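Colleague: Next up is a structure, given as structure tokens.
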Amino acid sequence: MEFREAVSARRSEYLLDAKGVDVDEVVSVLRGIAGKVPSSYNVQSARMFVLAGEDHRRFWGIVEDVLRDRSGDPERFKRTQEKLAGFSAAAGTILFYEIDSRTEELMEKYPSYRALFPQWAEHGNAMMQFASWVAIRDMGLGANIQHYNPIIDSRVADEFGIPEGYRLIAQMVFGRVVTPAGPKSKLSGEEIVRVAHAKNNNQKDM
């Protein structure tokens, strides 16, 4: 698939399963692109942990346990359980982390940009997530992204041996697409991308 086609085909796919998914191949593809994703001052503070099989299901079991403890509405939690069961039925989950100490080092080294480095780190992690999502779609698979952090962070870190100082940013569920996502309204490229001109330029404003 061409890059533009993969970007256009990327959707939030929620009806996923594990049938025919080669997780080792997914890991190989992610490793092939991860080092190429840009980051501010080349800080490379993003990290990914791939969970598959029983580890993947264990992760979503932890999410369910944490949410159950916080739920005060049995009926509402029943709907949440159904949603989590859908995630668990997929092939795997990618946990995206940030190593904040690396960003803090830049904040000390370049004080003029101190306030901006945390924001730039989030930008870098978001690019890593997008690159991974497009790569997964390019493999013919689907994915969706979730944010159950920070309430699950400590349980997940303990269960999977996540190093201290790693901050969970997002969780990406991937698998075979069972039923493709339906149409969704999007702004056109013309509405989003404009050509700007200086005010003293004789060309017409767009």
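By order in the structure tokens, chains are A, B, ...; within a chain, residues start at 1; ligands start at 1, following the order shown.
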I'd like the contact shell of Asp153 (chain A) - 8 Å cut-off, only C-alpha atoms, skipping same-chain residues fewer than 3 positions apart - returned as a ChimeraX atom specification.

Modeller: /A:149-150,156-157,167-168

Colleague: Pull C-alpha atoms from the residues just selected and write them as an mmCIF file, in the first residue's frame.

Modeller:
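The resulting out19.cif:
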data_model
loop_
_atom_site.group_PDB
_atom_site.id
_atom_site.type_symbol
_atom_site.label_atom_id
_atom_site.label_comp_id
_atom_site.auth_asym_id
_atom_site.auth_seq_id
_atom_site.Cartn_x
_atom_site.Cartn_y
_atom_site.Cartn_z
ATOM 1 C CA ASN A 149 -4.067 5.966 32.036
ATOM 2 C CA PRO A 150 -3.210 7.165 34.641
ATOM 3 C CA VAL A 156 0.307 -2.337 34.718
ATOM 4 C CA ALA A 157 3.868 -1.371 35.677
ATOM 5 C CA ARG A 167 4.860 7.328 32.033
ATOM 6 C CA LEU A 168 2.004 5.629 30.185
#

Colleague: Mind checking which residues fall within 7 Å of Ile145 (chain A), counting only C-alpha atoms, ignoring those fewer than 3 positions away in the same chain, and posting them as a list in words?

Modeller: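 Counting only C-alpha atoms, the residues come to Ala170, Gln171, Met172 and Val173 of chain A.
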
Colleague: Please return, as a PyMOL selection string, all residues of chain A that DSSP assigns to strand (DSSP E or B) on the basis of the backbone.

Modeller: chain A and resi 12+16-17+46-52+92-99+142-146+166-177

Colleague: For the selection you just gave me, I'd like the residues written to a file as a compact mmCIF listing (two decimals), in the first residue's frame, keeping N, CA and C atoms.

Modeller:
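Below is the file that was written, out_22.txt:
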# COMPACT_ATOMS: atom_id res chain seq x y z
N SER A 12 -10.35 4.22 13.09
CA SER A 12 -10.50 3.61 14.42
C SER A 12 -11.37 2.37 14.24
N LEU A 16 -12.45 -6.14 16.16
CA LEU A 16 -11.19 -6.80 15.82
C LEU A 16 -11.13 -8.18 16.47
N ASP A 17 -10.34 -9.08 15.85
CA ASP A 17 -10.03 -10.35 16.51
C ASP A 17 -8.57 -10.71 16.24
N ALA A 46 10.26 8.28 23.58
CA ALA A 46 9.10 7.39 23.47
C ALA A 46 9.54 5.93 23.51
N ARG A 47 8.73 5.11 24.14
CA ARG A 47 8.97 3.66 24.20
C ARG A 47 7.66 2.93 23.98
N MET A 48 7.75 1.72 23.40
CA MET A 48 6.56 0.90 23.17
C MET A 48 6.75 -0.49 23.76
N PHE A 49 5.71 -1.01 24.35
CA PHE A 49 5.68 -2.39 24.83
C PHE A 49 4.50 -3.09 24.17
N VAL A 50 4.77 -4.20 23.50
CA VAL A 50 3.73 -4.93 22.79
C VAL A 50 3.28 -6.11 23.65
N LEU A 51 1.98 -6.19 23.88
CA LEU A 51 1.39 -7.30 24.64
C LEU A 51 0.55 -8.13 23.69
N ALA A 52 0.70 -9.45 23.75
CA ALA A 52 -0.07 -10.35 22.89
C ALA A 52 -0.48 -11.58 23.69
N GLY A 92 -3.64 -7.93 20.05
CA GLY A 92 -2.62 -7.40 20.94
C GLY A 92 -2.85 -5.95 21.29
N THR A 93 -2.01 -5.44 22.16
CA THR A 93 -2.07 -4.04 22.59
C THR A 93 -0.66 -3.48 22.63
N ILE A 94 -0.50 -2.28 22.13
CA ILE A 94 0.77 -1.56 22.22
C ILE A 94 0.63 -0.50 23.29
N LEU A 95 1.51 -0.54 24.28
CA LEU A 95 1.54 0.48 25.33
C LEU A 95 2.58 1.52 24.95
N PHE A 96 2.17 2.77 24.85
CA PHE A 96 3.08 3.86 24.51
C PHE A 96 3.48 4.60 25.79
N TYR A 97 4.79 4.75 25.98
CA TYR A 97 5.32 5.39 27.17
C TYR A 97 6.22 6.56 26.82
N GLU A 98 6.39 7.46 27.80
CA GLU A 98 7.37 8.53 27.73
C GLU A 98 8.34 8.39 28.90
N ILE A 99 9.64 8.59 28.62
CA ILE A 99 10.64 8.64 29.68
C ILE A 99 10.84 10.11 30.03
N GLY A 142 -6.19 -3.64 11.57
CA GLY A 142 -6.85 -2.44 12.08
C GLY A 142 -6.43 -2.17 13.50
N ALA A 143 -6.73 -0.96 13.97
CA ALA A 143 -6.36 -0.58 15.33
C ALA A 143 -7.28 0.51 15.85
N ASN A 144 -7.29 0.66 17.16
CA ASN A 144 -7.93 1.81 17.80
C ASN A 144 -7.06 2.21 18.98
N ILE A 145 -7.21 3.44 19.43
CA ILE A 145 -6.36 3.93 20.50
C ILE A 145 -7.20 4.32 21.71
N GLN A 146 -6.70 3.96 22.90
CA GLN A 146 -7.43 4.19 24.14
C GLN A 146 -6.52 4.92 25.14
N TYR A 166 8.90 5.53 33.65
CA TYR A 166 8.19 5.48 32.38
C TYR A 166 6.74 5.88 32.63
N ARG A 167 6.23 6.84 31.86
CA ARG A 167 4.86 7.33 32.03
C ARG A 167 3.98 6.85 30.87
N LEU A 168 2.90 6.17 31.20
CA LEU A 168 2.00 5.63 30.18
C LEU A 168 1.23 6.76 29.51
N ILE A 169 1.22 6.75 28.18
CA ILE A 169 0.57 7.80 27.39
C ILE A 169 -0.70 7.30 26.73
N ALA A 170 -0.64 6.11 26.12
CA ALA A 170 -1.79 5.61 25.36
C ALA A 170 -1.68 4.11 25.18
N GLN A 171 -2.81 3.50 24.81
CA GLN A 171 -2.88 2.06 24.56
C GLN A 171 -3.52 1.84 23.19
N MET A 172 -2.81 1.16 22.29
CA MET A 172 -3.32 0.91 20.94
C MET A 172 -3.65 -0.58 20.79
N VAL A 173 -4.91 -0.86 20.52
CA VAL A 173 -5.38 -2.23 20.32
C VAL A 173 -5.30 -2.53 18.82
N PHE A 174 -4.78 -3.71 18.45
CA PHE A 174 -4.68 -4.05 17.04
C PHE A 174 -5.14 -5.49 16.80
N GLY A 175 -5.54 -5.75 15.56
CA GLY A 175 -5.98 -7.09 15.20
C GLY A 175 -6.55 -7.13 13.80
N ARG A 176 -7.09 -8.29 13.45
CA ARG A 176 -7.77 -8.44 12.16
C ARG A 176 -9.10 -7.70 12.22
N VAL A 177 -9.42 -6.99 11.15
CA VAL A 177 -10.69 -6.26 11.11
C VAL A 177 -11.81 -7.24 10.79

Colleague: If we count only C-alpha atoms and set the cut-off at 8 Å, which residues sit around Trp60 (chain A), ignoring sequence neighbours fewer than 5 positions away in its own chain? Please answer as a list in words.

Modeller: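 Within the cut-off, the hits are Leu84, Ala85, Phe87 and Ser88 of chain A.
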
Colleague: For the residues in the current selection, export N, CA and C atoms as a PDB file, in the first residue's frame.

Modeller:
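Ended up saving to result_37.pdb:
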ATOM      1  N   LEU A  84     -14.714  -3.493  26.902  1.00  0.00           N
ATOM      2  CA  LEU A  84     -13.389  -4.050  27.217  1.00  0.00           C
ATOM      3  C   LEU A  84     -13.228  -5.452  26.642  1.00  0.00           C
ATOM      4  N   ALA A  85     -14.319  -6.218  26.602  1.00  0.00           N
ATOM      5  CA  ALA A  85     -14.265  -7.561  26.013  1.00  0.00           C
ATOM      6  C   ALA A  85     -13.912  -7.478  24.531  1.00  0.00           C
ATOM      7  N   PHE A  87     -11.981  -5.171  23.186  1.00  0.00           N
ATOM      8  CA  PHE A  87     -10.535  -4.924  23.113  1.00  0.00           C
ATOM      9  C   PHE A  87      -9.766  -6.219  23.371  1.00  0.00           C
ATOM     10  N   SER A  88     -10.206  -6.983  24.361  1.00  0.00           N
ATOM     11  CA  SER A  88      -9.524  -8.225  24.729  1.00  0.00           C
ATOM     12  C   SER A  88      -9.562  -9.252  23.607  1.00  0.00           C
TER      13      SER A  88
END

Colleague: Nearest to Lys83 (chain A) among A:Asn42, A:Val63, A:Arg10, A:Lys19, with distances taken over only C-alpha atoms: which residue is it?

Modeller: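 Going through A:Asn42, A:Val63, A:Arg10, A:Lys19 one by one, the smallest distance to Lys83 (chain A) is for A:Val63.
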
Colleague: Which residues are close to region 4-9 of chain A, i.e. within 6 Å by only C-alpha atoms, leaving aside same-chain residues fewer than 2 positions away? Reply as an mmCIF file with N, CA and C atoms, in the first residue's frame.

Modeller:
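Once written, around-v6.cif looks like this:
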data_model
loop_
_atom_site.group_PDB
_atom_site.id
_atom_site.type_symbol
_atom_site.label_atom_id
_atom_site.label_comp_id
_atom_site.auth_asym_id
_atom_site.auth_seq_id
_atom_site.Cartn_x
_atom_site.Cartn_y
_atom_site.Cartn_z
ATOM 1 N N GLU A 2 0.551 2.225 -0.839
ATOM 2 C CA GLU A 2 1.279 3.478 -0.846
ATOM 3 C C GLU A 2 0.990 4.239 0.446
ATOM 4 N N VAL A 134 -0.480 3.798 11.152
ATOM 5 C CA VAL A 134 -0.451 3.700 9.687
ATOM 6 C C VAL A 134 0.270 2.426 9.255
ATOM 7 N N ASP A 138 -1.156 -0.564 7.034
ATOM 8 C CA ASP A 138 -0.446 -0.970 5.826
ATOM 9 C C ASP A 138 -0.267 -2.486 5.777
#

Colleague: Might you pull out every residue within 12 Å of Asp65 (chain A), with only C-alpha atoms counted and same-chain residues fewer than 6 positions away left off, and present them as a ChimeraX atom specification?

Modeller: /A:58-59,71,77,80-81,84,151-152,155-156

Colleague: How would the residues just chosen look if you wrote them out with N, CA and C atoms as a CSV table (one decimal), in the first residue's frame?

Modeller:
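Result went into again04.csv, see below:
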chain,number,residue,atom,x,y,z
A,58,ARG,N,-4.5,-10.3,29.9
A,58,ARG,CA,-4.3,-9.9,31.3
A,58,ARG,C,-4.3,-8.4,31.4
A,59,PHE,N,-3.8,-7.7,30.5
A,59,PHE,CA,-3.8,-6.2,30.5
A,59,PHE,C,-5.3,-5.7,30.6
A,71,SER,N,-16.4,2.0,39.8
A,71,SER,CA,-17.7,2.1,39.2
A,71,SER,C,-18.8,2.1,40.4
A,77,PHE,N,-21.5,-0.1,34.2
A,77,PHE,CA,-20.3,-0.9,34.1
A,77,PHE,C,-20.5,-2.1,33.2
A,80,THR,N,-19.5,-1.1,30.0
A,80,THR,CA,-18.0,-0.9,30.0
A,80,THR,C,-17.4,-2.3,29.8
A,81,GLN,N,-17.9,-3.3,30.5
A,81,GLN,CA,-17.3,-4.7,30.3
A,81,GLN,C,-17.4,-5.2,28.9
A,84,LEU,N,-14.7,-3.5,26.9
A,84,LEU,CA,-13.4,-4.0,27.2
A,84,LEU,C,-13.2,-5.5,26.6
A,151,ILE,N,-5.0,5.9,35.7
A,151,ILE,CA,-5.6,5.1,36.8
A,151,ILE,C,-5.1,3.7,36.8
A,152,ILE,N,-4.6,3.2,35.6
A,152,ILE,CA,-4.1,1.8,35.6
A,152,ILE,C,-2.6,1.7,35.7
A,155,ARG,N,-0.7,-0.6,38.4
A,155,ARG,CA,-1.0,-2.0,38.3
A,155,ARG,C,-0.3,-2.6,37.1
A,156,VAL,N,-0.3,-1.9,36.0
A,156,VAL,CA,0.3,-2.3,34.7
A,156,VAL,C,1.8,-2.4,34.9

Colleague: Report as a PyMOL selection string all protein, DNA and RNA residues lying within 9 Å of Ser132 (chain A), evaluated on only C-alpha atoms, omitting residues in the same chain fewer than 2 positions from it.

Modeller: chain A and resi 29-30+33-34+127-130+134-137

Colleague: Write out as number ranges by chain the set of residues from region 12-195 of chain A that DSSP, computed on the backbone, places in alpha helix (DSSP H).

Modeller: A: 23-34, 53-70, 74-88, 100-109, 117-138, 153-160, 189-192

Colleague: Using only C-alpha atoms, which residues sit within 8 Å of region 180-190 of chain A once same-chain residues fewer than 4 positions away are excluded, as a PyMOL selection string?

Modeller: chain A and resi 11-15+194

Colleague: To one decimal place, how far is CA of Val178 (chain A) from CA of Glu25 (chain A) in Å?

Modeller: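 Computing it gives 19.5 Å between the two atoms.
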
Colleague: What separation in Å, quoted to one decimal, exists between CA of Pro111 (chain A) and CA of Tyr41 (chain A)?

Modeller: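 About the pair CA of Pro111 (chain A) and CA of Tyr41 (chain A): they are 13.6 Å apart.
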